[in-house]
Each structure stands twice: as C-alpha cells, then as structure tokens.
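Asker: What follows is a structure written as structure tokens; I'll ask about it next.
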Amino acid sequence: MRKSTVSQLLLLGLLAFNLACSQNTQIIPSDEVAGEISGKAPKVVTYLTGNAADVTPTPTPGLVLMGGSTDVDAAIAWLLNRSGGGDIVVIRSSGADGYNQYMFDMVPVNSVETIIIDSRAKADLASVTDKIRAAEALFIAGGDQWNYVNYWKNSATETAINYLLNTKGAPVGGTSAGLAILGSAYYSAQTGSITTAQALANPYNSLLTLGQNDFLAATHLQNTITDSHYTQRDRQGRHIAFMARLMKDFAYTTVKGIGVDEQTAVCIDQNGIGKVYGLNHAYFLKNVNLGPETCVSGSPLTWNRAGQAVQAYKIQGSATGNGSFNATNWTFSGGNSYFYYVNNGVLF
C-alpha cells in the first residue's frame with residue numbers, strides 16, 4: 001500500500017510539473033487572453049486624425065526607404081502626395097500617434113490613422129486589415145523588425161500590405177525597422193542585432209538571421225536586402241555578410257543591397273526610378289559576379305574576387321532629391337562608384 005501511494009504521488013508530481021512547463025512555453029498577451037475567455041477579438045489601439053469617412057482617390061505607386069532617426073520631411077511629403085489626398089495608414093507594433101499630426105499638417109489628406117499591431121491575433125483581424133487595404137498610402141514605423149516578422153508574416157496583415165504594393169498600387173514606405181522588412185530578402189533580427197565585426201568574423205553567427213521571398217513583395221526590391229542607420233552604426237560590413245549568405249544559402253546569382261543613412265531616404269517611383277533625399281547618403285550594392293570564396297560557420301568571411309566582390313554606388317541626399325537610381329537595370333548617376341571586398345573578416 002505504501003509503495004502504491006508513493007508511486008501515485010510521484011505520478012501526480014510529474015503531471016503537475018508537465019502542466020507548469022506547458023503553461024510556460026507560450027506567453028499570450030493579456031488582451032488576447034481576455035479575448036479568448038470572453039470570445040471577443042483582442043482590443044486594437046488606433047489613433048485617428050482627420051476625417052473618419054473613407055475616400056477613394058486613385059493613388060500613385062512608389063516606395064520610400066528611410067534610414068531612421070529624424071524623418072526626412074521631403075520624402076514623407078513625396079509619399080503623401082502620391083496618395084492623392086486619401087487616407088494614410090501608419091502601422092507599428094509599439095509607440096503611439098507621433099506621425100498623425102505631423103503627416104496631416106504636411107500635405108492635404110483625408111486622414112492619418114496609426115494602428116498598433118502587436119500580436120498575431122491582431123494582425124489577422126478584419127478590422128485591422130480592412131483599414132490597410134483601404135489606405136491610399138502606408139507607412140511602416142521604426143521599432144523592432146523581429147516583432148514585424150513575428151507578428152505579421154503569414155498573416156492577413158502581410159496579405160493586405162502586398163495588396164497595396166502589387167494590386168492597388170498605393171505608395172508604401174518604411175523607416176528603420178520598417179525599411180528592413182521591405183526587401184524581398186530581409187534581416188529578421190530574430191535573436192538580436194548583429195554588428196559588422198560579429199557578422200564578418202562568422203557569417204553564421206546565431207545573430208545573423210535571414211528570410212527571403214516569404215514576406216513582402218515590392219516589385220522593385222526583388223533580390224534586394226536593405227539596411228538602415230548605415231554608416232552611423234557601421235553596418236556596411238554586416239550588409240555584405242547578408243549578401244554573401246544569400247548567395248551561399250539560397251543560390252542567388254545576383255544579390256543587391258540598399259543601405260540608407262540616418263536622416264536620409266530613397267524614393268522610388270512606379271517606373272523604378274529613384275532619388276535620394278535628406279542630409280546623408282544612400283548606398284546601392286550588387287555582386288559583380290561570383291559569390292564569396294569562404295562563407296562557412298565558425299570562420300571569417302572572405303569575399304575578395306580580385307578586390308571587386310561587390311560594386312557600390314553612393315549618392316548624397318538633398319532637400320529636393322539628388323542623383324538618379326534605376327531599380328530595373330541598376331544604373332546610376334549623380335554619385336560615386338567603388339568596390340567593397342572582404343579578406344579574412346576585414347572589410348575593404
């Protein structure tokens with residue numbers, strides 16, 4: 001009898017332990033818990049400035065790639081003007097309504113609405129995605145790009161953004177983390193942010209997490225990976241490492257990169273023609289021919305190819321838009337051309 005009782009107690013203890021572990025493997029935001037208990041959808045925080053009634057002007061397609069820090073007024077105005085005076089939607093996973101009055105006062109538009117999409121449940125709500133689909137322009141704020149990938153990829157929000165990009169033809173822009181997810185390939189930052197030194201020392205560092213062709217699909221950003229806060233955070237080398245990994249792991253024969261400095265933006269029109277706005281520079285990268293000589297786990301990256309591994313073009317921004325960039329054939333004017341290469345983890 002005593003042996004049976006001990007066994008039963010051990011079994012009960014094991015069950016309790018397993019139950020506790022299972023409860024700790026999934027952390028659900030409190031609003032989602034409340035929604036599940038009540039049977040109601042989770043509460044979504046939105047901020048509206050302007051007219052709540054929908055208008056339907058015809059937008060003009062375009063892309064705004066902004067590098068972070070202080071926003072570039074001229075680039076924001078470029079995006080808003082292409083809305084035709086319609087409804088502007090800002091999406092983010094944190095923060096508040098900082099863009100609303102700023103955008104509403106800049107260019108005559110019907111409304112500006114910020115939507116906080118901070119869970120997968122919210123990303124699938126019709127009340128959220130209907131507003132995105134009805135927008136005449138969309139702007140993706142800065143934040144943590146892993147939240148955007150984690151919450152929005154393979155969701156109705158992803159489908160709505162791609163609808164704007166590829167069917168409705170509304171202009172779409174993003175800054176910092178919002179820029180990071182606009183390329184067909186992207187750095188997800190799933191495990192945290194990686195530095196240039198870490199990426200070049202080991203291109204398979206656990207912090208270097210990439211996705212490709214499974215999220216947003218902007219026509220003029222195919223085979224392209226973006227990066228922000230570019231020279232201010234010394235990100236050129238890690239950008240090269242991203243490109244090397246895409247060639248090695250995903251068999252890219254052509255890989256392109258757009259790096260954008262803080263307080264700087266690249267605006268690309270419906271024909272793929274872009275200009276650089278703002279105070280600093282934008283950088284356009286493309287492999288010349290072959291991929292890296294050494295790109296393996298635990299070893300420094302070498303991508304030399306006779307000192308011409310990656311061709312780069314650098315354009316200084318201006319208040320009215322400087323230089324010219326053609327995304328369809330990757331040609332440029334108004335800037336400077338040079339090469340990047342990497343020897344044993346050192347960028348040249």
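Here, A, B, ... name the chains of the structure tokens in the order displayed, residue numbers run from 1 inside each chain, and ligands are numbered from 1 in the same displayed order.
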From a DSSP calculation on the backbone, collect every residue of segment 166-338 of chain A in helix (DSSP H, G or I) and output the set as an MDAnalysis selection string.

Answerer: chainID A and resid 166:168 177:180 196:201 219:221 236:250

Asker: Can I get the selected residues back with N, CA and C atoms, as a PDB file, in the first residue's frame?

Answerer:
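Dumped everything to out.pdb:
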ATOM      1  N   ASN A 166       1.068  45.530 -54.826  1.00  0.00           N
ATOM      2  CA  ASN A 166       1.028  44.847 -56.118  1.00  0.00           C
ATOM      3  C   ASN A 166      -0.315  44.878 -56.840  1.00  0.00           C
ATOM      4  N   THR A 167      -1.379  45.246 -56.152  1.00  0.00           N
ATOM      5  CA  THR A 167      -2.692  45.282 -56.797  1.00  0.00           C
ATOM      6  C   THR A 167      -3.255  46.694 -56.817  1.00  0.00           C
ATOM      7  N   LYS A 168      -3.389  47.300 -55.667  1.00  0.00           N
ATOM      8  CA  LYS A 168      -3.940  48.649 -55.599  1.00  0.00           C
ATOM      9  C   LYS A 168      -2.954  49.698 -56.098  1.00  0.00           C
ATOM     10  N   ALA A 177      13.309  49.868 -38.821  1.00  0.00           N
ATOM     11  CA  ALA A 177      12.759  48.509 -38.898  1.00  0.00           C
ATOM     12  C   ALA A 177      11.738  48.384 -40.012  1.00  0.00           C
ATOM     13  N   GLY A 178      10.996  49.456 -40.272  1.00  0.00           N
ATOM     14  CA  GLY A 178      10.041  49.446 -41.375  1.00  0.00           C
ATOM     15  C   GLY A 178      10.713  49.313 -42.718  1.00  0.00           C
ATOM     16  N   LEU A 179      11.896  49.898 -42.862  1.00  0.00           N
ATOM     17  CA  LEU A 179      12.698  49.710 -44.072  1.00  0.00           C
ATOM     18  C   LEU A 179      13.232  48.291 -44.146  1.00  0.00           C
ATOM     19  N   ALA A 180      13.653  47.739 -43.026  1.00  0.00           N
ATOM     20  CA  ALA A 180      14.330  46.435 -43.004  1.00  0.00           C
ATOM     21  C   ALA A 180      13.483  45.322 -43.594  1.00  0.00           C
ATOM     22  N   THR A 196      28.749  44.584 -37.441  1.00  0.00           N
ATOM     23  CA  THR A 196      29.629  44.262 -38.564  1.00  0.00           C
ATOM     24  C   THR A 196      30.754  43.330 -38.131  1.00  0.00           C
ATOM     25  N   ALA A 197      31.380  43.618 -36.997  1.00  0.00           N
ATOM     26  CA  ALA A 197      32.501  42.783 -36.542  1.00  0.00           C
ATOM     27  C   ALA A 197      32.056  41.335 -36.338  1.00  0.00           C
ATOM     28  N   GLN A 198      30.892  41.146 -35.737  1.00  0.00           N
ATOM     29  CA  GLN A 198      30.393  39.790 -35.500  1.00  0.00           C
ATOM     30  C   GLN A 198      30.058  39.079 -36.809  1.00  0.00           C
ATOM     31  N   ALA A 199      29.417  39.787 -37.724  1.00  0.00           N
ATOM     32  CA  ALA A 199      28.995  39.169 -38.985  1.00  0.00           C
ATOM     33  C   ALA A 199      30.181  38.778 -39.852  1.00  0.00           C
ATOM     34  N   LEU A 200      31.216  39.631 -39.891  1.00  0.00           N
ATOM     35  CA  LEU A 200      32.374  39.316 -40.723  1.00  0.00           C
ATOM     36  C   LEU A 200      33.256  38.245 -40.086  1.00  0.00           C
ATOM     37  N   ALA A 201      33.291  38.198 -38.762  1.00  0.00           N
ATOM     38  CA  ALA A 201      34.093  37.174 -38.083  1.00  0.00           C
ATOM     39  C   ALA A 201      33.490  35.796 -38.239  1.00  0.00           C
ATOM     40  N   THR A 219       7.768  45.223 -56.003  1.00  0.00           N
ATOM     41  CA  THR A 219       8.228  44.911 -57.358  1.00  0.00           C
ATOM     42  C   THR A 219       9.682  45.299 -57.587  1.00  0.00           C
ATOM     43  N   HIS A 220      10.085  46.464 -57.133  1.00  0.00           N
ATOM     44  CA  HIS A 220      11.417  46.977 -57.454  1.00  0.00           C
ATOM     45  C   HIS A 220      12.481  46.587 -56.433  1.00  0.00           C
ATOM     46  N   LEU A 221      12.125  45.688 -55.501  1.00  0.00           N
ATOM     47  CA  LEU A 221      13.098  45.266 -54.486  1.00  0.00           C
ATOM     48  C   LEU A 221      13.334  43.760 -54.515  1.00  0.00           C
ATOM     49  N   GLN A 236      27.988  48.631 -42.976  1.00  0.00           N
ATOM     50  CA  GLN A 236      28.347  48.205 -44.324  1.00  0.00           C
ATOM     51  C   GLN A 236      28.827  46.756 -44.345  1.00  0.00           C
ATOM     52  N   GLY A 237      29.671  46.397 -43.392  1.00  0.00           N
ATOM     53  CA  GLY A 237      30.228  45.044 -43.383  1.00  0.00           C
ATOM     54  C   GLY A 237      29.189  43.973 -43.137  1.00  0.00           C
ATOM     55  N   ARG A 238      28.266  44.230 -42.210  1.00  0.00           N
ATOM     56  CA  ARG A 238      27.246  43.213 -41.974  1.00  0.00           C
ATOM     57  C   ARG A 238      26.329  43.083 -43.186  1.00  0.00           C
ATOM     58  N   HIS A 239      26.104  44.189 -43.901  1.00  0.00           N
ATOM     59  CA  HIS A 239      25.294  44.151 -45.115  1.00  0.00           C
ATOM     60  C   HIS A 239      25.939  43.249 -46.168  1.00  0.00           C
ATOM     61  N   ILE A 240      27.259  43.363 -46.309  1.00  0.00           N
ATOM     62  CA  ILE A 240      27.996  42.479 -47.226  1.00  0.00           C
ATOM     63  C   ILE A 240      27.851  41.022 -46.782  1.00  0.00           C
ATOM     64  N   ALA A 241      27.897  40.780 -45.477  1.00  0.00           N
ATOM     65  CA  ALA A 241      27.735  39.414 -44.968  1.00  0.00           C
ATOM     66  C   ALA A 241      26.326  38.887 -45.268  1.00  0.00           C
ATOM     67  N   PHE A 242      25.310  39.733 -45.151  1.00  0.00           N
ATOM     68  CA  PHE A 242      23.954  39.315 -45.525  1.00  0.00           C
ATOM     69  C   PHE A 242      23.938  38.855 -46.985  1.00  0.00           C
ATOM     70  N   MET A 243      24.549  39.652 -47.849  1.00  0.00           N
ATOM     71  CA  MET A 243      24.551  39.334 -49.275  1.00  0.00           C
ATOM     72  C   MET A 243      25.305  38.038 -49.553  1.00  0.00           C
ATOM     73  N   ALA A 244      26.427  37.854 -48.850  1.00  0.00           N
ATOM     74  CA  ALA A 244      27.201  36.618 -49.025  1.00  0.00           C
ATOM     75  C   ALA A 244      26.373  35.397 -48.632  1.00  0.00           C
ATOM     76  N   ARG A 245      25.660  35.501 -47.529  1.00  0.00           N
ATOM     77  CA  ARG A 245      24.819  34.376 -47.078  1.00  0.00           C
ATOM     78  C   ARG A 245      23.698  34.081 -48.074  1.00  0.00           C
ATOM     79  N   LEU A 246      23.125  35.116 -48.649  1.00  0.00           N
ATOM     80  CA  LEU A 246      22.056  34.896 -49.629  1.00  0.00           C
ATOM     81  C   LEU A 246      22.579  34.153 -50.851  1.00  0.00           C
ATOM     82  N   MET A 247      23.789  34.474 -51.277  1.00  0.00           N
ATOM     83  CA  MET A 247      24.376  33.756 -52.409  1.00  0.00           C
ATOM     84  C   MET A 247      24.714  32.319 -52.028  1.00  0.00           C
ATOM     85  N   LYS A 248      25.240  32.135 -50.835  1.00  0.00           N
ATOM     86  CA  LYS A 248      25.672  30.798 -50.417  1.00  0.00           C
ATOM     87  C   LYS A 248      24.477  29.903 -50.083  1.00  0.00           C
ATOM     88  N   ASP A 249      23.525  30.394 -49.330  1.00  0.00           N
ATOM     89  CA  ASP A 249      22.460  29.549 -48.804  1.00  0.00           C
ATOM     90  C   ASP A 249      21.260  29.421 -49.725  1.00  0.00           C
ATOM     91  N   PHE A 250      21.000  30.460 -50.522  1.00  0.00           N
ATOM     92  CA  PHE A 250      19.780  30.473 -51.330  1.00  0.00           C
ATOM     93  C   PHE A 250      20.068  30.510 -52.826  1.00  0.00           C
TER      94      PHE A 250
END

Asker: Could you name the residues that touch segment 142-146 of chain A at 9 Å or less, counting only C-alpha atoms, but leaving out those on the same chain fewer than 2 positions away, as a ChimeraX atom specification?

Answerer: /A:68-69,92-95,140,148-151,174-181,187-192

Asker: Tell me which of A:Lys275, A:His281, A:Lys314, A:Lys286 sits closest to Thr224 of chain A, counting only C-alpha atoms.

Answerer: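 Closest residue, counting only C-alpha atoms: A:Lys286.
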
Asker: Skip segment 160-165 of chain A itself and residues of its chain fewer than 6 positions away, then list as a PyMOL selection string all residues within 10 Å of it, counting only C-alpha atoms.

Answerer: chain A and resi 59+61-63+123-124+128-138+152+171-172+215-219

Asker: Please, could you write that set of residues out with N, CA and C atoms as a tab-separated table (two decimals), in the first residue's frame?

Answerer:
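This is the output file again09.tsv:
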chain	number	residue	atom	x	y	z
A	59	PRO	N	-4.41	56.32	-56.01
A	59	PRO	CA	-3.03	56.60	-55.60
A	59	PRO	C	-2.05	56.32	-56.74
A	61	PRO	N	1.72	54.57	-57.35
A	61	PRO	CA	2.67	53.69	-56.64
A	61	PRO	C	4.01	54.37	-56.35
A	62	GLY	N	4.68	53.87	-55.36
A	62	GLY	CA	6.02	54.35	-55.03
A	62	GLY	C	6.50	53.70	-53.75
A	63	LEU	N	7.80	53.82	-53.51
A	63	LEU	CA	8.42	53.27	-52.31
A	63	LEU	C	9.27	54.34	-51.65
A	123	ALA	N	-3.00	40.95	-36.06
A	123	ALA	CA	-2.60	41.02	-37.46
A	123	ALA	C	-3.59	40.31	-38.38
A	124	ASP	N	-4.42	39.44	-37.82
A	124	ASP	CA	-5.39	38.71	-38.62
A	124	ASP	C	-6.80	39.27	-38.53
A	128	VAL	N	-8.49	45.43	-38.69
A	128	VAL	CA	-7.16	45.97	-38.96
A	128	VAL	C	-6.86	45.95	-40.46
A	129	THR	N	-7.02	44.80	-41.06
A	129	THR	CA	-6.59	44.65	-42.46
A	129	THR	C	-7.50	45.38	-43.43
A	130	ASP	N	-8.76	45.56	-43.10
A	130	ASP	CA	-9.64	46.34	-43.98
A	130	ASP	C	-9.16	47.79	-44.07
A	131	LYS	N	-8.66	48.33	-42.96
A	131	LYS	CA	-8.14	49.70	-42.96
A	131	LYS	C	-6.86	49.80	-43.79
A	132	ILE	N	-6.00	48.79	-43.70
A	132	ILE	CA	-4.79	48.80	-44.50
A	132	ILE	C	-5.14	48.74	-45.99
A	133	ARG	N	-6.03	47.85	-46.36
A	133	ARG	CA	-6.41	47.69	-47.76
A	133	ARG	C	-7.09	48.94	-48.32
A	134	ALA	N	-7.78	49.67	-47.46
A	134	ALA	CA	-8.48	50.87	-47.91
A	134	ALA	C	-7.57	52.09	-47.98
A	135	ALA	N	-6.34	51.97	-47.50
A	135	ALA	CA	-5.43	53.12	-47.46
A	135	ALA	C	-4.96	53.51	-48.86
A	136	GLU	N	-4.72	54.81	-49.03
A	136	GLU	CA	-4.10	55.30	-50.26
A	136	GLU	C	-2.59	55.47	-50.08
A	137	ALA	N	-2.08	55.30	-48.88
A	137	ALA	CA	-0.64	55.26	-48.63
A	137	ALA	C	-0.42	54.57	-47.29
A	138	LEU	N	0.67	53.84	-47.19
A	138	LEU	CA	1.01	53.10	-45.97
A	138	LEU	C	2.42	53.44	-45.57
A	152	TRP	N	3.51	39.68	-38.16
A	152	TRP	CA	2.82	39.98	-39.41
A	152	TRP	C	3.05	38.97	-40.52
A	171	PRO	N	1.34	53.90	-52.59
A	171	PRO	CA	2.73	54.06	-52.15
A	171	PRO	C	2.92	53.49	-50.74
A	172	VAL	N	4.07	52.89	-50.53
A	172	VAL	CA	4.40	52.26	-49.24
A	172	VAL	C	5.79	52.70	-48.84
A	215	PHE	N	7.76	37.09	-47.43
A	215	PHE	CA	7.10	38.12	-46.63
A	215	PHE	C	6.56	39.18	-47.58
A	216	LEU	N	7.17	40.35	-47.66
A	216	LEU	CA	6.67	41.40	-48.53
A	216	LEU	C	7.30	41.30	-49.92
A	217	ALA	N	6.55	41.78	-50.91
A	217	ALA	CA	6.96	41.56	-52.31
A	217	ALA	C	6.84	42.85	-53.11
A	218	ALA	N	7.72	43.81	-52.81
A	218	ALA	CA	7.75	45.05	-53.58
A	218	ALA	C	8.42	44.80	-54.92
A	219	THR	N	7.77	45.22	-56.00
A	219	THR	CA	8.23	44.91	-57.36
A	219	THR	C	9.68	45.30	-57.59

Asker: Which residue is closest to Val107 of chain A? Choose from A:Ala309, A:Ile88, A:Leu347, A:Ala282 and count only C-alpha atoms.

Answerer: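 Distance minimum relative to Val107 of chain A lands on A:Ile88.
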
Asker: Would you list, as a list of chain:residue names, the residues of segment 196-262 of chain A that end up in strand (DSSP E or B) under DSSP run on this structure's backbone?

Answerer: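 Filtering segment 196-262 of chain A down to strand (DSSP E or B) leaves A:Leu210, A:Gly211, A:Gln212, A:Thr224, A:Ile225, A:Thr226, A:Asp227, A:Lys256, A:Gly257, A:Ile258, A:Gly259, A:Val260.
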
Asker: Give me, as an NGL selection string, all polymer residues having an atom no more than 9 Å from segment 72-86 of chain A, counting only C-alpha atoms and skipping those fewer than 6 positions away in the same chain.

Answerer: :A and (54-66 or 103 or 106-112 or 135-139 or 170-173 or 263-267 or 276-279 or 319-321)

Asker: Output C-alpha atoms for every residue in that selection, as a short mmCIF file (atom, residue, chain, number, x, y, z; two decimals), in the first residue's frame.

Answerer:
data_model
loop_
_atom_site.label_atom_id
_atom_site.label_comp_id
_atom_site.auth_asym_id
_atom_site.auth_seq_id
_atom_site.Cartn_x
_atom_site.Cartn_y
_atom_site.Cartn_z
CA ASP A 54 -13.48 56.78 -46.35
CA VAL A 55 -12.46 58.47 -49.59
CA THR A 56 -11.27 56.69 -52.72
CA PRO A 57 -8.86 58.76 -54.84
CA THR A 58 -6.52 56.86 -57.14
CA PRO A 59 -3.03 56.60 -55.60
CA THR A 60 0.27 56.55 -57.49
CA PRO A 61 2.67 53.69 -56.64
CA GLY A 62 6.02 54.35 -55.03
CA LEU A 63 8.42 53.27 -52.31
CA VAL A 64 10.07 55.27 -49.55
CA LEU A 65 13.15 53.67 -47.97
CA MET A 66 14.14 55.74 -44.94
CA MET A 103 1.64 63.96 -41.66
CA MET A 106 2.27 68.42 -44.07
CA VAL A 107 0.11 67.65 -47.11
CA PRO A 108 -3.70 67.86 -47.52
CA VAL A 109 -5.01 64.33 -46.92
CA ASN A 110 -8.34 62.96 -45.75
CA SER A 111 -6.97 61.23 -42.66
CA VAL A 112 -3.98 59.71 -40.95
CA ALA A 135 -5.43 53.12 -47.46
CA GLU A 136 -4.10 55.30 -50.26
CA ALA A 137 -0.64 55.26 -48.63
CA LEU A 138 1.01 53.10 -45.97
CA PHE A 139 3.96 53.90 -43.74
CA ALA A 170 -0.60 52.57 -53.24
CA PRO A 171 2.73 54.06 -52.15
CA VAL A 172 4.40 52.26 -49.24
CA GLY A 173 7.26 53.45 -47.09
CA GLN A 263 18.04 61.35 -41.85
CA THR A 264 18.12 60.09 -45.44
CA ALA A 265 15.59 58.40 -47.72
CA VAL A 266 15.43 56.79 -51.15
CA CYS A 267 12.18 57.45 -53.02
CA VAL A 276 17.94 60.35 -52.58
CA TYR A 277 16.52 62.88 -50.13
CA GLY A 278 17.90 64.15 -46.84
CA LEU A 279 21.16 65.03 -45.17
CA ALA A 319 16.26 68.50 -49.85
CA THR A 320 14.93 68.25 -53.40
CA GLY A 321 16.19 64.77 -54.28
#

Asker: Which residue out of A:Asp118, A:Tyr313, A:Asn205, A:Asn280 has the minimum interatomic distance to Phe332 of chain A when only C-alpha atoms are used?

Answerer: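 For Phe332 of chain A, the nearest of the given residues is A:Tyr313.
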
Asker: Record the distance separating atom CA of Asp71 of chain A and atom CA of Leu207 of chain A, expressed in Å with one decimal.

Answerer: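 Separation between atom CA of Asp71 of chain A and atom CA of Leu207 of chain A: 27.7 Å.
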
Asker: Can you work out which one of A:Ser184, A:Asn329, A:Asn202, A:Thr253 has the shortest atom-to-atom distance to Ile225 of chain A, counting only C-alpha atoms?

Answerer: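 Closest to Ile225 of chain A of all the choices is A:Ser184.
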
Asker: With distances taken over only C-alpha atoms, which residue among A:Thr331, A:Asn304, A:Asn51, A:Ser206 lies nearest Asp87 of chain A?

Answerer: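 The shortest atom-to-atom distance to Asp87 of chain A comes from A:Asn51.
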
Asker: Work out how far atom CA of Tyr186 of chain A is from atom CA of Ala96 of chain A, in Å to one decimal.

Answerer: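 If I compute the distance from atom CA of Ala96 of chain A to atom CA of Tyr186 of chain A, I get 25.2 Å.
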
Asker: Using only C-alpha atoms, which residue out of A:Thr195, A:Thr159, A:Asn289, A:Gln232 lies closest to Glu262 of chain A?

Answerer: A:Gln232

Asker: Write out as a Markdown table a residue-level contact list of segment 81-157 of chain A versus segment 40-46 of chain A with cut-off 7 Å: for each qualifying residue the closest pair of atoms and the distance in Å to one decimal, counting only C-alpha atoms, rows sorted by chain and residue number upward.

Answerer:
| residue | atom | partner | partner_atom | distance |
| --- | --- | --- | --- | --- |
| A:Glu113 | CA | A:Thr46 | CA | 6.8 |
| A:Thr114 | CA | A:Thr46 | CA | 5.5 |
| A:Ile115 | CA | A:Thr46 | CA | 4.5 |
| A:Ile116 | CA | A:Val45 | CA | 5.6 |
| A:Lys122 | CA | A:Pro42 | CA | 6.6 |
